[in-house]
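Notes for the one structure printed next.
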Amino acid sequence: MTATATLAPSAGALAPAAPLVDPFGRAISYLRVSVTDRCDFRCVYCMPEAMTFLPKAEVLSLEEIDRLASAFIRRGTRKLRLTGGEPLVRRGIIDLVQALGRHLKSGALDELTLTSNGSQMARHAEALFAAGVRRVNISLDTLDADKFAAITRWGRLSQVLDGIAAAKAAGLHVKLNMVALAGVNDTEVEAMLAYAARDGHDLVLIETMPLGEIGVDRVDHYLPLSRVRADLEQRWTLHDLPDNTGGPARYVRIGETGQRLGFITPLTHNFCESCNRVRLTATGQLYMCLGQDDVADLRRVVRASPDDTDLDAALTEAISRKPRGHDFVIDRRAAAPAVTRHMSVTGG
Ligand code: SAM
Ligand code: SF4
């Protein structure tokens with residue numbers, strides 16, 4: 001799509017409207033949007049190799065994504081993260097990022113970011129920076145090329161390392177997301193810390209979440225981050241940091257190196273009380289909680305009328321249903337995933 005013009009609506013600045021606040025008094029200030037369910041990798045913890053993707057007609061157009069994101073921004077969203085699937089494999093993604101960048105310029109949005117597997121980052125890093133993106137999360141579970149190929153099935157480590165280097169060269173701050181997998185990369189945390197420190201990236205460790213059938217047994221690779229932390233504490237001094245982004249990440253500073261390290265522990269740590277976020281799928285379904293199945297169909301509302309009045313009402317109604325918290329469990333008794341959709345649907 002060569003849709004920069006189509007994607008830049010006449011209304012540059014947004015008239016402020018009533019902020020979205022849920023029944024527990026949490027202001028919704030963070031929206032994650034999955035711009036595609038497709039991906040050029042097949043990470044073992046995320047999707048089966050023979051993943052079935054959605055028919056195109058079900059996926060929101062870039063214009064619809066822009067309209068929905070803009071409606072959220074008008075209602076108080078200050079931070080927008082594009083994810084997927086792999087957001088950088090969506091055709092026209094840079095047009096969308098450029099169009100959304102108008103909300104950064106107007107001051108309505110504080111931050112526009114992306115979570116990416118890095119495979120296409122070398123091609124797009126400069127354009128992302130030019131559009132106003134300043135930080136990206138890039139997934140990297142290992143620095144071992146063979147293990148990388150085994151985890152991602154279709155990925156090549158060198159391509160991703162080039163993407164990370166290109167992001168840095170373009171001026172983007174990189175946060176590395178590393179999913180902790182018992183018996184796979186648990187001995188590599190310090191090597192990743194050293195790599196991240198050398199190149200000035202942050203590192204965040206993620207616990208596996210029970211989302212979607214993936215055709216392998218997650219319990220075998222489930223690694224509680226409390227164990228990783230205890231292991232690190234044998235050699236390093238970890239100082240808890242007060243930073244709280246309203247999400248599940250908790251940060252420490254490593255006393256000896258000054259480096260920041262994040263832990264995303266949805267299973268061992270309850271983060272719901274400060275949850276400020278909602279997630280929109282590539283088909284316009286709004287999940288009010290990553291760990292629950294309740295959903296609001298915003299695509300139907302968007303496609304029913306070009307006027308935003310009904311959309312605004314739908315946002316208010318959806319947020320009134322945001323639950324207090326989630327209910328993830330990984331254990332041997334619960335063989336089925338707690339939530340049936342894949343991570344690539346809600347984008348993590
Ligand atoms: N494709 C992009 C990427 O890999 O960064 C964005 C989408 S991906 C679904 C977002 C993040 O979710 C990645 O960091 C990935 O490692 C993580 N992820 C995927 N499946 C997961 C699972 N079952 N448990 C925990 N993290 C998962
Ligand atoms: Fe693709 Fe990201 Fe899922 Fe890996 S984690 S398969 S890169 S969407």
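All residue names refer to the structure tokens as shown: chains lettered A, B, ... in order, residues numbered from 1 in each chain, ligands numbered from 1 in order.
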Item to complete: Could you tell me, counting only C-alpha atoms and all ligand atoms, which protein and nucleic acid residues lie no more than 7 Å from ligand 2, written as a PyMOL selection string?
Response: chain A and resi 39-43+46-47+84-86+116-117+152+343-344
Fill in: Residue neighbourhood Gly200 in chain A, 10 Å, only C-alpha atoms, exclusion window fewer than 2 positions, as a ChimeraX atom specification
/A:168,173-175,194-198,202-203,259
Write a file of the selected residues as a PDB file, in the first residue's frame, keeping N, CA and C atoms.
```pdb
ATOM      1  N   LYS A 168      20.299   0.407  16.437  1.00  0.00           N
ATOM      2  CA  LYS A 168      21.167   1.260  17.255  1.00  0.00           C
ATOM      3  C   LYS A 168      21.772   2.368  16.395  1.00  0.00           C
ATOM      4  N   HIS A 173      16.674   3.244  20.688  1.00  0.00           N
ATOM      5  CA  HIS A 173      17.110   2.525  21.877  1.00  0.00           C
ATOM      6  C   HIS A 173      16.504   1.124  21.834  1.00  0.00           C
ATOM      7  N   VAL A 174      17.329   0.122  22.089  1.00  0.00           N
ATOM      8  CA  VAL A 174      16.877  -1.265  21.940  1.00  0.00           C
ATOM      9  C   VAL A 174      16.728  -1.935  23.306  1.00  0.00           C
ATOM     10  N   LYS A 175      15.570  -2.545  23.489  1.00  0.00           N
ATOM     11  CA  LYS A 175      15.372  -3.407  24.650  1.00  0.00           C
ATOM     12  C   LYS A 175      15.278  -4.824  24.117  1.00  0.00           C
ATOM     13  N   ALA A 194      26.123  -9.528  29.023  1.00  0.00           N
ATOM     14  CA  ALA A 194      27.392  -8.955  28.550  1.00  0.00           C
ATOM     15  C   ALA A 194      27.205  -8.342  27.160  1.00  0.00           C
ATOM     16  N   TYR A 195      26.482  -9.049  26.292  1.00  0.00           N
ATOM     17  CA  TYR A 195      26.217  -8.528  24.945  1.00  0.00           C
ATOM     18  C   TYR A 195      25.424  -7.226  25.029  1.00  0.00           C
ATOM     19  N   ALA A 196      24.376  -7.231  25.864  1.00  0.00           N
ATOM     20  CA  ALA A 196      23.530  -6.042  25.998  1.00  0.00           C
ATOM     21  C   ALA A 196      24.336  -4.872  26.558  1.00  0.00           C
ATOM     22  N   ALA A 197      25.185  -5.159  27.553  1.00  0.00           N
ATOM     23  CA  ALA A 197      25.986  -4.087  28.168  1.00  0.00           C
ATOM     24  C   ALA A 197      26.960  -3.506  27.143  1.00  0.00           C
ATOM     25  N   ARG A 198      27.569  -4.378  26.376  1.00  0.00           N
ATOM     26  CA  ARG A 198      28.580  -3.924  25.411  1.00  0.00           C
ATOM     27  C   ARG A 198      27.960  -2.959  24.400  1.00  0.00           C
ATOM     28  N   ASP A 202      19.076  -2.574  26.794  1.00  0.00           N
ATOM     29  CA  ASP A 202      18.487  -3.133  28.019  1.00  0.00           C
ATOM     30  C   ASP A 202      18.146  -4.589  27.750  1.00  0.00           C
ATOM     31  N   LEU A 203      18.060  -5.358  28.815  1.00  0.00           N
ATOM     32  CA  LEU A 203      17.667  -6.761  28.673  1.00  0.00           C
ATOM     33  C   LEU A 203      16.472  -7.029  29.588  1.00  0.00           C
ATOM     34  N   GLN A 259      24.111  -2.013  35.163  1.00  0.00           N
ATOM     35  CA  GLN A 259      23.171  -2.365  34.105  1.00  0.00           C
ATOM     36  C   GLN A 259      21.760  -2.614  34.640  1.00  0.00           C
TER      37      GLN A 259
END
```
Worksheet entry | Filtered DSSP result for range 15-215 of chain A, state strand (DSSP E), as a PyMOL selection string | chain A and resi 30-34+79-83+111-116+135-139+173-179+202-206
Atoms to include: N, CA, C and O atoms. Write the selected residues as a tab-separated table (two decimals), in the first residue's frame.
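Result written to out_20.tsv:
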```tsv
chain	number	residue	atom	x	y	z
A	30	TYR	N	-2.30	2.92	27.77
A	30	TYR	CA	-1.35	2.14	26.97
A	30	TYR	C	-2.12	1.16	26.11
A	30	TYR	O	-2.87	0.32	26.61
A	31	LEU	N	-1.93	1.29	24.80
A	31	LEU	CA	-2.60	0.38	23.85
A	31	LEU	C	-1.54	-0.38	23.06
A	31	LEU	O	-0.60	0.22	22.53
A	32	ARG	N	-1.71	-1.69	23.01
A	32	ARG	CA	-0.88	-2.51	22.13
A	32	ARG	C	-1.73	-2.94	20.96
A	32	ARG	O	-2.84	-3.43	21.17
A	33	VAL	N	-1.20	-2.80	19.78
A	33	VAL	CA	-1.95	-3.17	18.59
A	33	VAL	C	-1.17	-4.22	17.82
A	33	VAL	O	-0.02	-3.99	17.43
A	34	SER	N	-1.79	-5.35	17.61
A	34	SER	CA	-1.20	-6.36	16.74
A	34	SER	C	-1.60	-6.01	15.31
A	34	SER	O	-2.77	-6.05	14.97
A	79	LYS	N	0.64	5.95	25.22
A	79	LYS	CA	1.71	5.10	24.70
A	79	LYS	C	1.09	4.03	23.81
A	79	LYS	O	0.13	3.37	24.19
A	80	LEU	N	1.67	3.90	22.62
A	80	LEU	CA	1.14	2.97	21.64
A	80	LEU	C	2.26	2.05	21.20
A	80	LEU	O	3.33	2.51	20.80
A	81	ARG	N	2.01	0.75	21.28
A	81	ARG	CA	3.02	-0.22	20.84
A	81	ARG	C	2.43	-1.06	19.71
A	81	ARG	O	1.36	-1.63	19.84
A	82	LEU	N	3.15	-1.12	18.60
A	82	LEU	CA	2.74	-1.97	17.48
A	82	LEU	C	3.47	-3.29	17.61
A	82	LEU	O	4.67	-3.33	17.86
A	83	THR	N	2.72	-4.37	17.43
A	83	THR	CA	3.32	-5.68	17.58
A	83	THR	C	2.63	-6.63	16.61
A	83	THR	O	2.03	-6.21	15.63
A	111	GLU	N	4.58	8.24	23.31
A	111	GLU	CA	5.52	7.27	22.78
A	111	GLU	C	4.85	6.33	21.78
A	111	GLU	O	3.74	5.86	22.00
A	112	LEU	N	5.58	6.08	20.69
A	112	LEU	CA	5.15	5.11	19.67
A	112	LEU	C	6.28	4.10	19.56
A	112	LEU	O	7.41	4.48	19.24
A	113	THR	N	5.99	2.85	19.86
A	113	THR	CA	7.06	1.85	19.88
A	113	THR	C	6.63	0.59	19.13
A	113	THR	O	5.48	0.47	18.73
A	114	LEU	N	7.57	-0.32	19.00
A	114	LEU	CA	7.33	-1.56	18.26
A	114	LEU	C	7.96	-2.71	19.01
A	114	LEU	O	9.03	-2.57	19.59
A	115	THR	N	7.35	-3.87	18.94
A	115	THR	CA	8.01	-5.11	19.34
A	115	THR	C	8.23	-5.93	18.08
A	115	THR	O	7.29	-6.17	17.33
A	116	SER	N	9.47	-6.32	17.86
A	116	SER	CA	9.81	-6.95	16.58
A	116	SER	C	10.77	-8.11	16.81
A	116	SER	O	11.52	-8.13	17.78
A	135	ARG	N	12.22	4.01	20.58
A	135	ARG	CA	12.61	2.77	21.27
A	135	ARG	C	11.94	1.60	20.58
A	135	ARG	O	10.79	1.70	20.15
A	136	VAL	N	12.65	0.49	20.51
A	136	VAL	CA	12.05	-0.74	19.99
A	136	VAL	C	12.42	-1.90	20.92
A	136	VAL	O	13.49	-1.89	21.53
A	137	ASN	N	11.52	-2.85	21.02
A	137	ASN	CA	11.84	-4.11	21.70
A	137	ASN	C	12.16	-5.14	20.63
A	137	ASN	O	11.38	-5.29	19.68
A	138	ILE	N	13.26	-5.80	20.77
A	138	ILE	CA	13.61	-6.85	19.80
A	138	ILE	C	13.82	-8.15	20.56
A	138	ILE	O	14.51	-8.19	21.58
A	139	SER	N	13.19	-9.20	20.05
A	139	SER	CA	13.27	-10.49	20.73
A	139	SER	C	14.55	-11.21	20.36
A	139	SER	O	14.90	-11.32	19.18
A	173	HIS	N	16.67	3.24	20.69
A	173	HIS	CA	17.11	2.52	21.88
A	173	HIS	C	16.50	1.12	21.83
A	173	HIS	O	15.32	0.97	21.55
A	174	VAL	N	17.33	0.12	22.09
A	174	VAL	CA	16.88	-1.26	21.94
A	174	VAL	C	16.73	-1.93	23.31
A	174	VAL	O	17.63	-1.88	24.14
A	175	LYS	N	15.57	-2.54	23.49
A	175	LYS	CA	15.37	-3.41	24.65
A	175	LYS	C	15.28	-4.82	24.12
A	175	LYS	O	14.47	-5.11	23.24
A	176	LEU	N	16.10	-5.71	24.63
A	176	LEU	CA	16.08	-7.09	24.16
A	176	LEU	C	15.13	-7.89	25.03
A	176	LEU	O	15.21	-7.85	26.26
A	177	ASN	N	14.23	-8.63	24.39
A	177	ASN	CA	13.31	-9.52	25.10
A	177	ASN	C	13.84	-10.94	24.99
A	177	ASN	O	13.99	-11.45	23.89
A	178	MET	N	14.10	-11.57	26.10
A	178	MET	CA	14.61	-12.94	26.09
A	178	MET	C	13.64	-13.83	26.86
A	178	MET	O	13.45	-13.65	28.06
A	179	VAL	N	13.01	-14.77	26.16
A	179	VAL	CA	12.11	-15.71	26.83
A	179	VAL	C	12.97	-16.78	27.50
A	179	VAL	O	13.81	-17.40	26.85
A	202	ASP	N	19.08	-2.57	26.79
A	202	ASP	CA	18.49	-3.13	28.02
A	202	ASP	C	18.15	-4.59	27.75
A	202	ASP	O	17.93	-4.98	26.60
A	203	LEU	N	18.06	-5.36	28.82
A	203	LEU	CA	17.67	-6.76	28.67
A	203	LEU	C	16.47	-7.03	29.59
A	203	LEU	O	16.48	-6.63	30.75
A	204	VAL	N	15.48	-7.69	29.03
A	204	VAL	CA	14.31	-8.08	29.81
A	204	VAL	C	14.09	-9.57	29.64
A	204	VAL	O	14.04	-10.07	28.52
A	205	LEU	N	13.98	-10.27	30.75
A	205	LEU	CA	13.72	-11.71	30.72
A	205	LEU	C	12.21	-11.92	30.84
A	205	LEU	O	11.54	-11.24	31.62
A	206	ILE	N	11.69	-12.86	30.06
A	206	ILE	CA	10.24	-13.12	30.06
A	206	ILE	C	9.99	-14.58	30.42
A	206	ILE	O	10.64	-15.48	29.90
```
Fill in: Backbone-only DSSP, alpha helix (DSSP H) members of range 85-276 of chain A, as an MDAnalysis selection string
chainID A and resid 93:106 121:130 145:152 157:170 189:199 225:233
Would you save the residues from that selection as a PDB file, in the first residue's frame, using C-alpha atoms?
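Writing the result to part-v1.pdb gives the following:
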```
ATOM      1  CA  ILE A  93       3.725  -0.688   8.022  1.00  0.00           C
ATOM      2  CA  ILE A  94       5.991   2.326   7.615  1.00  0.00           C
ATOM      3  CA  ASP A  95       3.066   4.318   6.161  1.00  0.00           C
ATOM      4  CA  LEU A  96       1.099   3.475   9.287  1.00  0.00           C
ATOM      5  CA  VAL A  97       3.954   4.436  11.609  1.00  0.00           C
ATOM      6  CA  GLN A  98       4.414   7.708   9.735  1.00  0.00           C
ATOM      7  CA  ALA A  99       0.700   8.475   9.957  1.00  0.00           C
ATOM      8  CA  LEU A 100       0.549   7.684  13.685  1.00  0.00           C
ATOM      9  CA  GLY A 101       3.600   9.861  14.160  1.00  0.00           C
ATOM     10  CA  ARG A 102       1.311  12.898  13.805  1.00  0.00           C
ATOM     11  CA  HIS A 103       0.076  12.223  17.349  1.00  0.00           C
ATOM     12  CA  LEU A 104       3.644  12.486  18.631  1.00  0.00           C
ATOM     13  CA  LYS A 105       4.042  15.815  16.859  1.00  0.00           C
ATOM     14  CA  SER A 106       0.766  17.152  18.262  1.00  0.00           C
ATOM     15  CA  MET A 121      14.806  -4.147  11.163  1.00  0.00           C
ATOM     16  CA  ALA A 122      17.862  -3.383   9.046  1.00  0.00           C
ATOM     17  CA  ARG A 123      15.557  -2.251   6.201  1.00  0.00           C
ATOM     18  CA  HIS A 124      13.264  -0.146   8.330  1.00  0.00           C
ATOM     19  CA  ALA A 125      15.216   1.273  11.281  1.00  0.00           C
ATOM     20  CA  GLU A 126      15.942   4.676   9.738  1.00  0.00           C
ATOM     21  CA  ALA A 127      12.361   5.178   8.561  1.00  0.00           C
ATOM     22  CA  LEU A 128      11.069   4.246  12.024  1.00  0.00           C
ATOM     23  CA  PHE A 129      13.336   6.807  13.644  1.00  0.00           C
ATOM     24  CA  ALA A 130      12.336   9.454  11.106  1.00  0.00           C
ATOM     25  CA  ALA A 145      23.178 -19.598  15.986  1.00  0.00           C
ATOM     26  CA  ASP A 146      22.087 -23.241  16.184  1.00  0.00           C
ATOM     27  CA  LYS A 147      19.891 -22.692  19.211  1.00  0.00           C
ATOM     28  CA  PHE A 148      18.447 -19.595  17.571  1.00  0.00           C
ATOM     29  CA  ALA A 149      17.488 -21.635  14.517  1.00  0.00           C
ATOM     30  CA  ALA A 150      15.994 -24.328  16.754  1.00  0.00           C
ATOM     31  CA  ILE A 151      13.904 -21.860  18.794  1.00  0.00           C
ATOM     32  CA  THR A 152      12.659 -19.717  15.903  1.00  0.00           C
ATOM     33  CA  LEU A 157      20.680 -15.206  14.108  1.00  0.00           C
ATOM     34  CA  SER A 158      22.963 -13.061  11.925  1.00  0.00           C
ATOM     35  CA  GLN A 159      19.975 -11.350  10.323  1.00  0.00           C
ATOM     36  CA  VAL A 160      18.599 -10.378  13.715  1.00  0.00           C
ATOM     37  CA  LEU A 161      21.968  -9.213  15.055  1.00  0.00           C
ATOM     38  CA  ASP A 162      22.295  -7.033  11.932  1.00  0.00           C
ATOM     39  CA  GLY A 163      18.815  -5.683  12.614  1.00  0.00           C
ATOM     40  CA  ILE A 164      19.722  -4.842  16.197  1.00  0.00           C
ATOM     41  CA  ALA A 165      22.897  -3.085  15.064  1.00  0.00           C
ATOM     42  CA  ALA A 166      20.915  -1.129  12.435  1.00  0.00           C
ATOM     43  CA  ALA A 167      18.393  -0.042  15.057  1.00  0.00           C
ATOM     44  CA  LYS A 168      21.167   1.260  17.255  1.00  0.00           C
ATOM     45  CA  ALA A 169      22.885   2.996  14.332  1.00  0.00           C
ATOM     46  CA  ALA A 170      19.600   4.713  13.433  1.00  0.00           C
ATOM     47  CA  VAL A 189      21.660 -15.084  30.780  1.00  0.00           C
ATOM     48  CA  GLU A 190      25.098 -13.742  31.653  1.00  0.00           C
ATOM     49  CA  ALA A 191      26.292 -13.905  28.041  1.00  0.00           C
ATOM     50  CA  MET A 192      23.199 -11.947  27.029  1.00  0.00           C
ATOM     51  CA  LEU A 193      23.836  -9.424  29.800  1.00  0.00           C
ATOM     52  CA  ALA A 194      27.392  -8.955  28.550  1.00  0.00           C
ATOM     53  CA  TYR A 195      26.217  -8.528  24.945  1.00  0.00           C
ATOM     54  CA  ALA A 196      23.530  -6.042  25.998  1.00  0.00           C
ATOM     55  CA  ALA A 197      25.986  -4.087  28.168  1.00  0.00           C
ATOM     56  CA  ARG A 198      28.580  -3.924  25.411  1.00  0.00           C
ATOM     57  CA  ASP A 199      26.124  -2.437  22.925  1.00  0.00           C
ATOM     58  CA  LEU A 225      12.343 -16.241  36.775  1.00  0.00           C
ATOM     59  CA  SER A 226      12.584 -16.406  40.555  1.00  0.00           C
ATOM     60  CA  ARG A 227      15.054 -19.225  39.912  1.00  0.00           C
ATOM     61  CA  VAL A 228      17.040 -17.193  37.353  1.00  0.00           C
ATOM     62  CA  ARG A 229      17.144 -14.305  39.771  1.00  0.00           C
ATOM     63  CA  ALA A 230      18.312 -16.470  42.662  1.00  0.00           C
ATOM     64  CA  ASP A 231      21.028 -17.858  40.424  1.00  0.00           C
ATOM     65  CA  LEU A 232      22.210 -14.384  39.380  1.00  0.00           C
ATOM     66  CA  GLU A 233      22.231 -13.296  43.003  1.00  0.00           C
TER      67      GLU A 233
END
```
Item to complete: Can you work out the spacing between CA of Gly262 in chain A and CA of Asp240 in chain A in Å, to one decimal?
Response: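 Interatomic distance here is 9.9 Å.
Residue nearest ligand 1, chosen from A:Val44, A:Ala304, A:Met51, A:Val184 and counting only C-alpha atoms and all ligand atoms: A:Val44.
As for CA of Gly107 in chain A and CA of Ser70 in chain A, they are spaced 12.7 Å apart.
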Practice prompt. State, in Å with one decimal place, the distance from CA of Gln292 in chain A to CA of Ala57 in chain A.
Written response: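 CA of Gln292 in chain A sits 25.5 Å away from CA of Ala57 in chain A.
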Worksheet item: Smallest atom-to-atom distance to Leu290 in chain A: which of A:Arg134, A:His221, A:Arg78, A:Lys322, using only C-alpha atoms?
Response: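 Closest candidate: A:Lys322.
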Practice prompt. Tell me which of A:Gly171, A:Phe263, A:Ala282, A:Leu109 sits closest to Arg38 in chain A, counting only C-alpha atoms.
Written response: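 Checking each of A:Gly171, A:Phe263, A:Ala282, A:Leu109 against Arg38 in chain A, counting only C-alpha atoms, the winner is A:Ala282.
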Item to complete: Kindly indicate which residue among A:Pro224, A:Gly92, A:Gly76, A:Gly25 lies nearest to ligand 1, using only C-alpha atoms and all ligand atoms for the distances.
Response: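 Smallest distance to ligand 1 is found for A:Pro224.
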Practice prompt. Give me the residues within 8 Å of range 273-275 of chain A as a list of chain:residue names, counting only C-alpha atoms and dropping any in the same chain fewer than 5 places off.
Written response: A:Arg26, A:Gly246, A:Gly247, A:Arg324, A:Gly325
